[in-house]
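Structure file coords30.txt (compact mmCIF, C-alpha atoms and all ligand atoms) follows.
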# COMPACT_ATOMS: atom_id res chain seq x y z
CA MET A 1 -19.61 0.90 -20.86
CA LYS A 2 -20.23 -2.81 -20.80
CA ARG A 3 -16.89 -4.51 -20.86
CA ARG A 4 -18.01 -8.09 -20.87
CA TYR A 5 -17.32 -8.57 -24.56
CA LEU A 6 -13.76 -7.39 -24.10
CA SER A 7 -12.83 -10.47 -22.15
CA HIS A 8 -10.61 -11.82 -24.91
CA TYR A 9 -8.69 -8.58 -25.38
CA HIS A 10 -5.14 -8.25 -24.28
CA TRP A 11 -4.59 -6.05 -21.26
CA ARG A 12 -2.49 -3.71 -23.38
CA ARG A 13 -5.72 -2.63 -25.04
CA ALA A 14 -7.42 -1.72 -21.79
CA GLN A 15 -8.64 1.85 -21.71
CA SER A 16 -9.14 2.34 -18.01
CA ILE A 17 -7.94 1.18 -14.64
CA ASP A 18 -11.32 -0.50 -14.06
CA GLU A 19 -10.74 -2.57 -17.15
CA LEU A 20 -7.31 -3.58 -15.91
CA ALA A 21 -8.91 -4.53 -12.60
CA TRP A 22 -11.49 -6.60 -14.35
CA MET A 23 -8.83 -8.45 -16.30
CA ALA A 24 -6.62 -8.87 -13.24
CA ARG A 25 -9.46 -10.46 -11.37
CA ARG A 26 -9.56 -13.21 -13.94
CA ARG A 27 -5.81 -13.63 -13.93
CA LEU A 28 -5.44 -14.05 -10.18
CA PRO A 29 -6.48 -16.80 -7.81
CA ALA A 30 -9.17 -15.61 -5.41
CA PHE A 31 -6.89 -15.20 -2.40
CA ALA A 32 -4.51 -12.90 -4.30
CA TRP A 33 -7.34 -10.93 -5.88
CA GLU A 34 -9.16 -10.49 -2.60
CA TYR A 35 -5.99 -9.35 -0.90
CA VAL A 36 -5.45 -6.61 -3.48
CA HIS A 37 -8.97 -5.52 -4.18
CA GLY A 38 -10.80 -5.89 -0.90
CA GLY A 39 -11.40 -3.51 1.97
CA ALA A 40 -12.28 -3.74 5.64
CA GLU A 41 -15.56 -5.06 7.01
CA ASP A 42 -18.56 -3.81 4.97
CA GLU A 43 -16.25 -1.90 2.64
CA ILE A 44 -18.20 1.32 3.12
CA THR A 45 -15.09 3.48 3.19
CA LEU A 46 -13.73 1.62 0.19
CA GLN A 47 -16.82 2.66 -1.75
CA ASP A 48 -16.98 6.14 -0.24
CA ASN A 49 -13.52 6.88 -1.57
CA ARG A 50 -14.86 6.47 -5.09
CA ARG A 51 -18.16 8.21 -4.37
CA ALA A 52 -16.31 11.26 -3.09
CA PHE A 53 -14.54 11.63 -6.42
CA ALA A 54 -17.78 11.09 -8.33
CA ALA A 55 -19.48 13.81 -6.30
CA TRP A 56 -17.27 16.43 -7.96
CA GLY A 57 -17.69 17.40 -11.59
CA PHE A 58 -15.67 19.88 -13.63
CA GLN A 59 -16.26 23.47 -14.63
CA PRO A 60 -14.66 23.83 -18.07
CA ARG A 61 -13.38 27.03 -19.69
CA THR A 62 -13.47 27.31 -23.45
CA LEU A 63 -11.45 29.11 -26.12
CA VAL A 64 -8.22 28.50 -24.29
CA ASP A 65 -5.04 27.63 -26.15
CA VAL A 66 -4.25 24.10 -24.98
CA GLU A 67 -1.71 23.21 -27.66
CA THR A 68 1.00 22.90 -25.02
CA ARG A 69 -0.16 21.02 -21.98
CA HIS A 70 1.62 18.89 -19.47
CA SER A 71 1.32 17.49 -15.99
CA ARG A 72 4.89 18.16 -14.87
CA THR A 73 5.14 19.35 -11.30
CA THR A 74 7.25 19.15 -8.17
CA LEU A 75 6.70 16.44 -5.60
CA LEU A 76 8.57 16.85 -2.34
CA GLY A 77 10.73 19.47 -4.01
CA ALA A 78 11.85 17.51 -7.08
CA THR A 79 10.39 17.28 -10.55
CA ALA A 80 7.86 14.59 -11.37
CA GLU A 81 6.20 14.03 -14.73
CA MET A 82 2.82 13.91 -13.05
CA PRO A 83 1.61 14.60 -9.51
CA LEU A 84 1.65 10.95 -8.55
CA ALA A 85 3.83 8.44 -6.77
CA ILE A 86 3.33 4.73 -6.47
CA ALA A 87 1.99 3.94 -2.99
CA PRO A 88 3.62 1.42 -0.70
CA THR A 89 1.98 -1.97 -0.98
CA GLY A 90 3.08 -5.17 0.68
CA TYR A 91 3.51 -8.60 -0.92
CA ASN A 92 3.79 -7.31 -4.46
CA GLY A 93 5.73 -10.45 -5.28
CA MET A 94 2.52 -12.40 -4.83
CA LEU A 95 1.23 -10.76 -8.01
CA TRP A 96 4.40 -10.95 -10.09
CA LYS A 97 7.84 -12.26 -9.34
CA ASP A 98 10.05 -9.37 -8.19
CA GLY A 99 6.98 -7.17 -8.29
CA ASP A 100 8.60 -4.38 -6.28
CA ILE A 101 11.42 -4.09 -8.78
CA ALA A 102 8.90 -4.12 -11.62
CA LEU A 103 6.92 -1.27 -10.02
CA ALA A 104 10.08 0.72 -9.29
CA ARG A 105 11.14 0.39 -12.93
CA ALA A 106 7.72 1.41 -14.20
CA ALA A 107 7.74 4.47 -11.96
CA ALA A 108 11.27 5.45 -12.99
CA SER A 109 10.43 5.09 -16.67
CA ARG A 110 7.50 7.46 -16.25
CA GLY A 111 9.31 9.98 -14.08
CA VAL A 112 7.43 9.46 -10.82
CA PRO A 113 8.57 8.25 -7.38
CA PHE A 114 8.09 4.73 -6.13
CA THR A 115 7.42 3.88 -2.47
CA LEU A 116 8.71 0.60 -1.13
CA SER A 117 6.70 -0.97 1.68
CA THR A 118 8.26 -2.33 4.86
CA VAL A 119 6.56 -5.63 4.01
CA SER A 120 7.93 -5.83 0.49
CA CYS A 121 9.19 -8.97 -1.16
CA ASN A 122 12.23 -7.26 -2.67
CA SER A 123 14.52 -5.62 -0.14
CA LEU A 124 15.61 -2.00 -0.06
CA GLU A 125 19.04 -3.11 -1.17
CA ALA A 126 17.65 -5.12 -4.10
CA ILE A 127 15.70 -2.08 -5.33
CA ALA A 128 18.72 0.20 -4.99
CA GLU A 129 20.80 -2.23 -6.99
CA ALA A 130 18.26 -3.11 -9.67
CA VAL A 131 16.75 0.35 -10.20
CA PRO A 132 19.38 2.93 -9.24
CA GLU A 133 17.54 5.54 -11.29
CA ALA A 134 14.38 5.23 -9.14
CA ARG A 135 13.17 8.10 -7.01
CA LEU A 136 12.83 5.87 -3.99
CA TRP A 137 10.61 6.56 -1.00
CA PHE A 138 10.41 4.11 1.87
CA GLN A 139 7.35 3.35 3.98
CA LEU A 140 7.92 2.38 7.58
CA TYR A 141 5.70 0.17 9.70
CA VAL A 142 7.01 0.67 13.20
CA LEU A 143 7.71 -2.67 14.85
CA ASP A 144 8.02 -3.13 18.59
CA ASP A 145 11.79 -3.54 18.42
CA GLU A 146 13.60 -0.21 18.35
CA ALA A 147 16.82 -1.73 17.07
CA VAL A 148 14.96 -3.15 14.07
CA ARG A 149 13.33 0.20 13.42
CA ASN A 150 16.64 2.04 13.55
CA ASP A 151 18.28 -0.53 11.33
CA MET A 152 15.55 -0.10 8.74
CA LEU A 153 16.03 3.67 8.82
CA ALA A 154 19.76 3.23 8.27
CA ARG A 155 19.17 0.79 5.43
CA ALA A 156 16.67 3.11 3.77
CA HIS A 157 19.11 5.97 3.95
CA ALA A 158 21.94 3.82 2.57
CA ALA A 159 19.65 2.69 -0.27
CA GLY A 160 19.16 6.31 -1.26
CA ALA A 161 15.56 6.76 -0.12
CA GLU A 162 14.75 10.45 -0.30
CA ALA A 163 11.62 10.26 1.82
CA LEU A 164 10.30 8.20 4.68
CA LEU A 165 6.55 7.66 4.97
CA VAL A 166 5.60 6.46 8.44
CA THR A 167 2.25 4.68 8.31
CA THR A 168 0.20 5.45 11.39
CA ASP A 169 -3.20 3.95 10.60
CA THR A 170 -2.22 0.30 10.91
CA VAL A 171 -1.22 -0.27 14.53
CA VAL A 172 -3.88 -2.94 14.46
CA LEU A 173 -4.82 -4.52 11.19
CA GLY A 174 -8.28 -3.69 9.81
CA ARG A 175 -10.69 -6.58 9.70
CA ARG A 176 -10.51 -7.60 6.08
CA GLU A 177 -12.93 -10.42 6.10
CA TRP A 178 -11.98 -11.80 2.70
CA ASP A 179 -8.38 -12.05 3.78
CA ALA A 180 -9.22 -13.56 7.11
CA ARG A 181 -10.71 -16.51 5.30
CA SER A 182 -8.30 -17.04 2.50
CA TYR A 183 -5.20 -14.94 2.47
CA LEU A 184 -1.88 -16.23 3.75
CA ASN A 185 -3.39 -17.38 6.97
CA PRO A 186 -1.03 -20.16 7.93
CA ARG A 187 -3.89 -22.32 9.07
CA ARG A 188 -5.79 -21.89 5.84
CA LEU A 189 -3.08 -22.05 3.19
CA ALA A 190 -4.31 -25.40 2.20
CA LEU A 191 -5.66 -27.45 -0.65
CA PRO A 192 -8.34 -24.97 -1.81
CA GLN A 193 -5.75 -22.26 -2.35
CA LEU A 194 -3.40 -24.65 -4.10
CA PHE A 195 -6.23 -25.84 -6.30
CA ASP A 196 -7.14 -22.24 -7.10
CA ALA A 197 -3.52 -21.52 -7.97
CA ALA A 198 -3.47 -24.47 -10.33
CA LEU A 199 -6.54 -23.04 -12.09
CA HIS A 200 -4.62 -19.84 -12.80
CA PRO A 201 -1.56 -21.07 -14.65
CA GLN A 202 -0.56 -17.69 -16.09
CA TRP A 203 -0.44 -16.24 -12.62
CA ALA A 204 1.31 -19.32 -11.22
CA TYR A 205 3.98 -19.08 -13.89
CA ARG A 206 4.59 -15.36 -13.35
CA ALA A 207 4.42 -15.34 -9.57
CA LEU A 208 5.31 -18.80 -8.29
CA TRP A 209 7.62 -20.38 -10.78
CA PRO A 210 10.08 -21.75 -9.79
CA ALA A 211 10.50 -20.80 -6.16
CA GLY A 212 6.93 -20.74 -4.81
CA LEU A 213 5.29 -17.88 -2.92
CA PRO A 214 7.79 -15.12 -2.18
CA THR A 215 8.46 -14.12 1.37
CA LEU A 216 9.12 -10.73 2.96
CA GLY A 217 12.58 -10.15 1.56
CA ASN A 218 12.90 -6.76 3.17
CA LEU A 219 12.45 -8.19 6.66
CA MET A 220 14.26 -11.48 6.19
CA LYS A 221 17.12 -10.58 8.45
CA TYR A 222 14.77 -9.86 11.37
CA LEU A 223 12.58 -12.96 11.00
CA PRO A 224 13.22 -15.98 13.18
CA LYS A 225 14.31 -18.99 11.11
CA GLU A 226 11.05 -20.87 11.59
CA GLN A 227 8.95 -17.84 10.57
CA GLN A 228 10.55 -17.06 7.24
CA SER A 229 8.00 -18.61 4.89
CA ALA A 230 5.54 -16.29 3.18
CA ALA A 231 2.64 -17.50 5.32
CA SER A 232 4.38 -17.31 8.70
CA ALA A 233 6.18 -14.04 8.06
CA ALA A 234 2.88 -12.22 7.56
CA GLY A 235 1.52 -13.36 10.91
CA TYR A 236 4.78 -12.70 12.67
CA ILE A 237 5.07 -9.13 11.43
CA ASN A 238 1.48 -8.42 12.33
CA GLN A 239 2.18 -9.55 15.87
CA ARG A 240 5.32 -7.43 16.06
CA MET A 241 3.68 -4.20 14.90
CA THR A 242 3.86 -1.80 17.82
CA ARG A 243 0.51 -0.81 19.29
CA ARG A 244 2.22 2.06 21.08
CA LEU A 245 2.88 4.34 18.19
CA THR A 246 2.54 7.89 19.51
CA TRP A 247 3.74 11.36 18.62
CA GLU A 248 6.80 10.82 20.87
CA ALA A 249 7.86 7.92 18.67
CA LEU A 250 7.43 10.12 15.63
CA GLU A 251 9.61 12.80 17.22
CA ASP A 252 12.29 10.22 17.76
CA ILE A 253 12.05 9.07 14.15
CA ARG A 254 12.21 12.70 13.03
CA ALA A 255 15.45 13.16 14.95
CA ARG A 256 16.97 10.09 13.31
CA TRP A 257 15.78 10.45 9.71
CA PRO A 258 17.75 13.01 7.71
CA GLY A 259 15.51 13.05 4.62
CA LYS A 260 11.94 14.13 4.07
CA LEU A 261 9.52 12.73 6.62
CA LEU A 262 5.85 12.21 5.76
CA ILE A 263 3.17 10.91 8.05
CA LYS A 264 0.83 8.55 6.22
CA GLY A 265 -2.49 8.32 8.00
CA ILE A 266 -3.54 11.92 8.66
CA MET A 267 -7.27 12.57 8.27
CA ASN A 268 -7.96 15.83 10.11
CA ALA A 269 -6.62 19.28 10.92
CA ALA A 270 -5.64 18.52 14.52
CA ASP A 271 -3.38 15.61 13.58
CA ALA A 272 -1.98 17.58 10.66
CA ARG A 273 -0.95 20.36 13.05
CA GLU A 274 0.72 17.82 15.33
CA ALA A 275 2.61 16.48 12.34
CA LYS A 276 3.83 19.99 11.65
CA ARG A 277 4.77 20.50 15.28
CA ILE A 278 7.04 17.46 15.38
CA GLY A 279 8.83 18.68 12.27
CA ALA A 280 7.41 16.37 9.61
CA ASP A 281 7.75 17.67 6.08
CA GLY A 282 4.43 16.40 4.92
CA VAL A 283 1.36 14.29 5.42
CA VAL A 284 -0.53 11.74 3.39
CA VAL A 285 -4.28 12.03 3.73
CA THR A 286 -5.28 8.39 3.52
CA ASN A 287 -7.61 5.76 4.87
CA HIS A 288 -5.34 3.02 3.58
CA GLY A 289 -7.51 2.48 0.55
CA GLY A 290 -10.49 1.52 2.71
CA ARG A 291 -8.56 -1.37 4.23
CA GLN A 292 -8.40 -0.08 7.79
CA LEU A 293 -11.16 1.70 9.73
CA ASP A 294 -14.41 1.03 7.88
CA GLY A 295 -16.51 4.16 8.28
CA ALA A 296 -13.55 6.51 8.10
CA PRO A 297 -14.25 9.50 5.83
CA ALA A 298 -13.40 9.44 2.16
CA THR A 299 -10.01 11.05 1.74
CA LEU A 300 -11.19 13.64 -0.77
CA ASP A 301 -13.66 14.87 1.85
CA ALA A 302 -10.95 15.05 4.51
CA LEU A 303 -8.46 16.83 2.26
CA PRO A 304 -9.68 20.45 2.45
CA GLU A 305 -9.40 20.73 6.24
CA VAL A 306 -5.88 19.32 6.19
CA VAL A 307 -4.89 21.69 3.39
CA ASP A 308 -6.39 24.61 5.31
CA ALA A 309 -4.49 23.65 8.44
CA VAL A 310 -1.01 22.97 7.05
CA GLY A 311 -1.07 23.27 3.28
CA ASP A 312 1.02 26.41 3.20
CA ALA A 313 3.80 24.85 5.28
CA MET A 314 3.81 21.15 4.43
CA HIS A 315 3.56 18.76 1.52
CA VAL A 316 0.04 17.38 1.45
CA LEU A 317 -0.50 14.20 -0.55
CA LEU A 318 -3.67 12.14 -0.84
CA ASP A 319 -4.43 8.54 -1.64
CA SER A 320 -7.31 6.04 -1.66
CA GLY A 321 -9.51 5.59 -4.68
CA ILE A 322 -7.42 7.07 -7.50
CA ARG A 323 -8.64 5.31 -10.64
CA ARG A 324 -8.66 8.04 -13.27
CA GLY A 325 -6.59 11.00 -14.36
CA GLY A 326 -9.60 13.12 -13.43
CA ASP A 327 -9.32 11.91 -9.82
CA ILE A 328 -5.76 13.23 -9.71
CA ALA A 329 -6.97 16.57 -11.07
CA LYS A 330 -9.71 16.78 -8.44
CA ALA A 331 -7.26 16.12 -5.61
CA VAL A 332 -4.86 18.73 -6.95
CA ALA A 333 -7.67 21.25 -7.45
CA LEU A 334 -8.64 20.79 -3.81
CA GLY A 335 -5.10 21.50 -2.66
CA ALA A 336 -3.09 18.26 -2.76
CA GLU A 337 0.45 18.48 -4.07
CA GLY A 338 -0.04 15.04 -5.55
CA VAL A 339 -1.47 11.60 -5.01
CA LEU A 340 -0.32 8.08 -4.31
CA CYS A 341 -1.85 5.22 -6.21
CA GLY A 342 -1.97 1.71 -4.81
CA ARG A 343 -4.33 -0.66 -6.55
CA ALA A 344 -4.27 1.08 -9.95
CA THR A 345 -0.70 0.03 -10.64
CA LEU A 346 -1.13 -3.31 -8.85
CA TYR A 347 -3.81 -4.36 -11.33
CA GLY A 348 -1.37 -3.59 -14.12
CA LEU A 349 1.41 -5.40 -12.30
CA ALA A 350 -0.72 -8.51 -11.93
CA LEU A 351 -1.34 -8.57 -15.66
CA GLY A 352 1.99 -7.68 -17.15
CA GLY A 353 4.67 -7.00 -14.55
CA GLU A 354 6.62 -3.84 -15.33
CA ALA A 355 4.85 -3.36 -18.65
CA GLY A 356 1.45 -3.71 -17.02
CA ALA A 357 2.25 -1.23 -14.27
CA THR A 358 3.60 1.15 -16.91
CA GLN A 359 0.36 0.74 -18.82
CA ALA A 360 -1.58 1.78 -15.71
CA LEU A 361 0.61 4.87 -15.27
CA ASP A 362 0.21 5.76 -18.94
CA LEU A 363 -3.56 5.47 -18.71
CA LEU A 364 -3.65 7.81 -15.72
CA ARG A 365 -1.27 10.28 -17.39
CA ASP A 366 -3.09 10.26 -20.74
CA GLN A 367 -6.45 10.71 -19.04
CA LEU A 368 -5.02 13.60 -17.04
CA HIS A 369 -3.56 15.31 -20.11
CA ASN A 370 -6.80 14.87 -21.99
CA LEU A 371 -8.72 16.30 -19.07
CA LEU A 372 -6.47 19.35 -18.75
CA ALA A 373 -7.18 20.18 -22.39
CA GLN A 374 -10.92 19.68 -22.12
CA LEU A 375 -11.00 21.68 -18.95
CA GLY A 376 -9.21 24.59 -20.60
CA ARG A 377 -6.45 24.52 -17.98
CA PRO A 378 -3.38 23.17 -19.75
CA THR A 379 -1.12 23.06 -16.70
CA LEU A 380 -1.57 21.87 -13.14
CA ASP A 381 -0.98 25.23 -11.51
CA GLN A 382 -4.28 26.36 -13.01
CA LEU A 383 -6.21 23.70 -11.11
CA THR A 384 -8.13 25.40 -8.32
CA PRO A 385 -11.47 24.71 -6.62
CA GLU A 386 -13.09 26.94 -9.27
CA CYS A 387 -12.39 24.19 -11.81
CA LEU A 388 -14.76 21.91 -9.92
CA ARG A 389 -18.46 21.84 -9.24
CA ARG A 390 -20.57 19.67 -7.03
CA SER A 391 -22.37 17.23 -9.28
CA PRO A 392 -26.11 17.07 -8.63
CA TYR A 393 -26.18 13.69 -10.35
CA ALA A 394 -23.38 12.05 -8.44
CA PRO A 395 -24.06 8.38 -8.55
CA GLY A 396 -25.52 7.40 -5.21
CA ALA A 397 -23.40 4.30 -5.74
CA ASP A 398 -24.66 1.01 -4.55
CA ASP A 399 -25.71 1.65 -0.99
CA THR A 400 -25.95 -1.99 -0.16
CA PRO A 401 -22.97 -2.96 1.91
CA ARG A 402 -21.12 -5.85 0.40
CA ARG A 403 -21.34 -8.68 2.84
CA PRO A 404 -18.86 -11.25 1.69
CA SER A 405 -20.30 -13.94 3.86
CA ALA A 406 -23.55 -13.73 1.95
CA LEU A 407 -21.80 -14.19 -1.35
CA ALA A 408 -20.05 -16.89 -3.27
CA PRO A 409 -16.42 -17.46 -2.37
CA ASN A 410 -15.31 -17.09 -5.97
CA GLY A 411 -14.97 -13.31 -6.05
CA GLU A 412 -18.53 -12.56 -7.19
CA HIS A 413 -18.77 -9.74 -4.68
CA LEU A 414 -17.10 -7.31 -7.00
CA GLY A 415 -19.98 -5.04 -7.74
CA ASP A 416 -17.78 -2.10 -8.63
CA VAL A 417 -15.73 -3.87 -11.24
CA PRO A 418 -17.84 -4.57 -14.25
C1 LIG A 501 -2.62 -4.73 -1.61
C2 LIG A 501 -2.29 -3.52 -0.78
C3 LIG A 501 -1.24 -3.57 0.12
C4 LIG A 501 -0.92 -2.44 0.88
N1 LIG A 501 0.17 -2.47 1.69
C5 LIG A 501 0.53 -1.36 2.34
C6 LIG A 501 1.73 -1.33 3.09
O1 LIG A 501 2.47 -2.31 3.15
N2 LIG A 501 2.04 -0.18 3.74
C7 LIG A 501 1.25 0.94 3.68
O2 LIG A 501 1.56 1.96 4.29
N3 LIG A 501 0.11 0.93 2.94
C8 LIG A 501 -0.24 -0.17 2.28
N4 LIG A 501 -1.37 -0.15 1.51
C9 LIG A 501 -2.13 1.10 1.37
C10 LIG A 501 -1.58 1.92 0.20
O3 LIG A 501 -0.33 2.46 0.52
C11 LIG A 501 -2.52 3.07 -0.15
O4 LIG A 501 -2.78 3.82 1.01
C12 LIG A 501 -3.83 2.60 -0.75
O5 LIG A 501 -3.62 1.50 -1.59
C13 LIG A 501 -4.45 3.71 -1.55
O6 LIG A 501 -5.67 3.34 -2.06
P1 LIG A 501 -5.88 2.80 -3.56
O7 LIG A 501 -5.43 1.38 -3.56
O8 LIG A 501 -7.33 2.95 -3.77
O9 LIG A 501 -5.03 3.65 -4.49
C14 LIG A 501 -1.70 -1.27 0.76
C15 LIG A 501 -2.77 -1.24 -0.14
C16 LIG A 501 -3.06 -2.35 -0.91
C17 LIG A 501 -4.19 -2.27 -1.89

Rewritten as structure tokens:
Amino acid sequence: MKRRYLSHYHWRRAQSIDELAWMARRRLPAFAWEYVHGGAEDEITLQDNRRAFAAWGFQPRTLVDVETRHSRTTLLGATAEMPLAIAPTGYNGMLWKDGDIALARAAASRGVPFTLSTVSCNSLEAIAEAVPEARLWFQLYVLDDEAVRNDMLARAHAAGAEALLVTTDTVVLGRREWDARSYLNPRRLALPQLFDAALHPQWAYRALWPAGLPTLGNLMKYLPKEQQSAASAAGYINQRMTRRLTWEALEDIRARWPGKLLIKGIMNAADAREAKRIGADGVVVTNHGGRQLDGAPATLDALPEVVDAVGDAMHVLLDSGIRRGGDIAKAVALGAEGVLCGRATLYGLALGGEAGATQALDLLRDQLHNLLAQLGRPTLDQLTPECLRRSPYAPGADDTPRRPSALAPNGEHLGDVP
């Protein structure tokens, strides 16, 4: 569908996550948009994530009573209204003031868990206080200081986090070329960015007013005084990320963390078995939304071997590329207990804070419910590989790698967002 003529519509009338993305792109200054939307290097994996979903179609059954249908399920042993949790994403406050709190509220209102990132703008304590009803998960980036790591674990536990997701695919940051040029690079946060911000007054009002760019509230107590601004904190944390994250470190974390432990960054059977061996409760099959290793497999393609290896003994979640309710159904049909969504709710957040993120969740849920009915499988437990078929017409997608340097610096690279 051509969406160009919808430009004057309010985001509340958006019918898909792509439409929210398209609107968010106009709302945000380029550096914020590129941070959220972009991927690493040629963005092949970013695109492959979507292609992998498109390569599966559905195999509907007919004459099935679908009067009562729902997407209720259990995620990590507790009820969720759909098989989805909000993924950990850093710097949410750059999109909307107190963006982490807004996302946590949206998730709580729709009965799904919310994952707070280590590099969040609102702290663990702020979330626990503002959204006590949230099902809170906490994502850990392991820094090179063990005392800091242990303190974060203690804080997460005290804040009531039921699960810890240790991210393992980011020991070095992927080369996100858009970001390298514009995003909070202390040397480049200069006039062009300020000018861009001024051209996006709605965003500036919602995100900057009155205090300016938010910093990493969750890590404030560990940041040296001179590194506490938004721009410096990012660089500092990147430097302090341990490059020596190994299975031994994970064993140590396992011994210290009393709640559920998930390893976020598992892409094959061998690593999944290791995760099981060290006593993790689950894994997240992810390529970080195409933001880390460009050329890594699409997660939907990696899922079956992980499910085969550990699916009967561990929670297996998947993320990267969830944009429709049907994507959730495909992941569940191929054996995932549920999915995490990152950008889908961020686009909503950028447009309308809590209400926008809620809108994104509602779109995904409504699409999923509609799909379950059309598929003739009114509940999730009926989703199996037999509900799917390989589509012979899967869009080959645009095979041309997007080379930002060859394109205008105003965001015109966004071939996948109409
Ligand atoms: C803007 C942004 C920031 C992210 N920050 C983090 C983070 O702080 N920690 C983390 O483990 N993953 C982070 N991720 C990865 C997400 O947790 C998730 O794996 C990814 O977004 C899933 O892909 P999707 O955006 O296509 O749903 C981030 C992703 C995005 C888009």

(message) Could you check the closest approach to ligand LIG 501 (chain A) for each of A:Leu199, A:Leu208, A:Ile278, A:Leu262 and tell me which residue wins, using all atoms listed in the file?
(response)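 That would be A:Leu262, the residue with the smallest distance to ligand LIG 501 (chain A).
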
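Note that atom O4 of ligand LIG 501 (chain A) and atom CA of Met314 of chain A are 18.9 Å apart.
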
(message) How would you report the residues lying within 6 Å of ligand LIG 501 (chain A), as a list in words, if you count all atoms listed in the file?
(response) Tyr35, Val36, Ala87, Pro88, Thr89, Gly90, Ser117, Val119, Gln139, Thr167, Thr286, His288, Gly289, Asp319, Ser320, Gly321, Ile322, Cys341, Gly342 and Arg343 of chain A

(request) Quick one: pull the distance between atom CA of Pro304 of chain A and atom CA of Thr118 of chain A, Å, one decimal. (result) 29.1 Å

Would you write out, as a Markdown table, a table of all residues in segment 285-362 of chain A that have an atom no more than 12 Å from an atom of segment 13-30 of chain A, listing for each the closest atom pair and the distance in Å to one decimal, considering all atoms listed in the file and ordering rows by chain and rising residue number?
| residue | atom | partner | partner_atom | distance |
| --- | --- | --- | --- | --- |
| A:Gly321 | CA | A:Ile17 | CA | 11.0 |
| A:Ile322 | CA | A:Ile17 | CA | 9.3 |
| A:Arg323 | CA | A:Ile17 | CA | 5.8 |
| A:Arg324 | CA | A:Ile17 | CA | 7.0 |
| A:Gly325 | CA | A:Ser16 | CA | 9.7 |
| A:Gly326 | CA | A:Ser16 | CA | 11.7 |
| A:Asp327 | CA | A:Ile17 | CA | 11.8 |
| A:Cys341 | CA | A:Ile17 | CA | 11.2 |
| A:Gly342 | CA | A:Ile17 | CA | 11.5 |
| A:Arg343 | CA | A:Ala21 | CA | 8.5 |
| A:Ala344 | CA | A:Ile17 | CA | 6.0 |
| A:Thr345 | CA | A:Ile17 | CA | 8.4 |
| A:Leu346 | CA | A:Ala21 | CA | 8.7 |
| A:Tyr347 | CA | A:Ala21 | CA | 5.3 |
| A:Gly348 | CA | A:Leu20 | CA | 6.2 |
| A:Leu349 | CA | A:Ala24 | CA | 8.8 |
| A:Ala350 | CA | A:Ala24 | CA | 6.1 |
| A:Leu351 | CA | A:Ala24 | CA | 5.8 |
| A:Gly352 | CA | A:Ala24 | CA | 9.5 |
| A:Gly353 | CA | A:Ala24 | CA | 11.5 |
| A:Gly356 | CA | A:Leu20 | CA | 8.8 |
| A:Ala357 | CA | A:Leu20 | CA | 10.0 |
| A:Thr358 | CA | A:Ile17 | CA | 11.8 |
| A:Gln359 | CA | A:Ala14 | CA | 8.7 |
| A:Ala360 | CA | A:Ile17 | CA | 6.5 |
| A:Leu361 | CA | A:Ile17 | CA | 9.3 |
| A:Asp362 | CA | A:Ser16 | CA | 10.0 |

(message) Counting only C-alpha atoms, which residue out of A:Ala298, A:Ile263, A:Leu140, A:Ala108 sits closest to Met241 of chain A?
(response)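 Distance minimum relative to Met241 of chain A lands on A:Leu140.
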
(request) Mind giving me the straight-line distance from atom CA of Pro297 of chain A to atom CA of Leu116 of chain A in Å, one decimal? (result)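 We find that atom CA of Pro297 of chain A and atom CA of Leu116 of chain A lie 25.6 Å from each other.
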
(request) Go through A:Asp381, A:Asp151, A:Glu41, A:Glu386 and flag the residue nearest Thr73 of chain A, using only C-alpha atoms for the distances. (result)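 Of A:Asp381, A:Asp151, A:Glu41, A:Glu386, the one nearest Thr73 of chain A, counting only C-alpha atoms, is A:Asp381.
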
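Counting all atoms listed in the file and comparing A:Leu317, A:Gly217, A:Gly93, A:Ala190, the residue that lies closest to Ala126 of chain A is A:Gly217.
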
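Residues surrounding Ala373 of chain A within 12 Å are A:Pro60, A:Arg61, A:Thr62, A:Leu63, A:Val64, A:Asp65, A:Val66, A:Glu67, A:Thr68, A:Arg69, A:His70, A:Ser71, A:Gly326, A:Ala329, A:Asp366, A:Gln367, A:Leu368, A:Pro378, A:Thr379, A:Leu380, A:Gln382, A:Leu383 [all atoms listed in the file; sequence separation below 5 positions excluded].
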
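Minimum distance to Leu84 of chain A across A:Glu274, A:Ala102, A:Ala313, A:Gly111 (counting all atoms listed in the file) occurs at A:Gly111.
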
Can you list, as a short mmCIF file (atom, residue, chain, number, x, y, z; two decimals) with C-alpha atoms, in the coordinates of the input, every protein, DNA or RNA residue that comes within 12 Å of Gly160 of chain A when you count all atoms listed in the file, leaving out same-chain residues fewer than 4 positions away?
data_model
loop_
_atom_site.label_atom_id
_atom_site.label_comp_id
_atom_site.auth_asym_id
_atom_site.auth_seq_id
_atom_site.Cartn_x
_atom_site.Cartn_y
_atom_site.Cartn_z
CA LEU A 116 8.71 0.60 -1.13
CA LEU A 124 15.61 -2.00 -0.06
CA GLU A 125 19.04 -3.11 -1.17
CA ALA A 126 17.65 -5.12 -4.10
CA ILE A 127 15.70 -2.08 -5.33
CA ALA A 128 18.72 0.20 -4.99
CA GLU A 129 20.80 -2.23 -6.99
CA VAL A 131 16.75 0.35 -10.20
CA PRO A 132 19.38 2.93 -9.24
CA GLU A 133 17.54 5.54 -11.29
CA ALA A 134 14.38 5.23 -9.14
CA ARG A 135 13.17 8.10 -7.01
CA LEU A 136 12.83 5.87 -3.99
CA TRP A 137 10.61 6.56 -1.00
CA PHE A 138 10.41 4.11 1.87
CA LEU A 153 16.03 3.67 8.82
CA ALA A 154 19.76 3.23 8.27
CA ARG A 155 19.17 0.79 5.43
CA ALA A 156 16.67 3.11 3.77
CA LEU A 164 10.30 8.20 4.68
CA PRO A 258 17.75 13.01 7.71
CA GLY A 259 15.51 13.05 4.62
CA LYS A 260 11.94 14.13 4.07
#
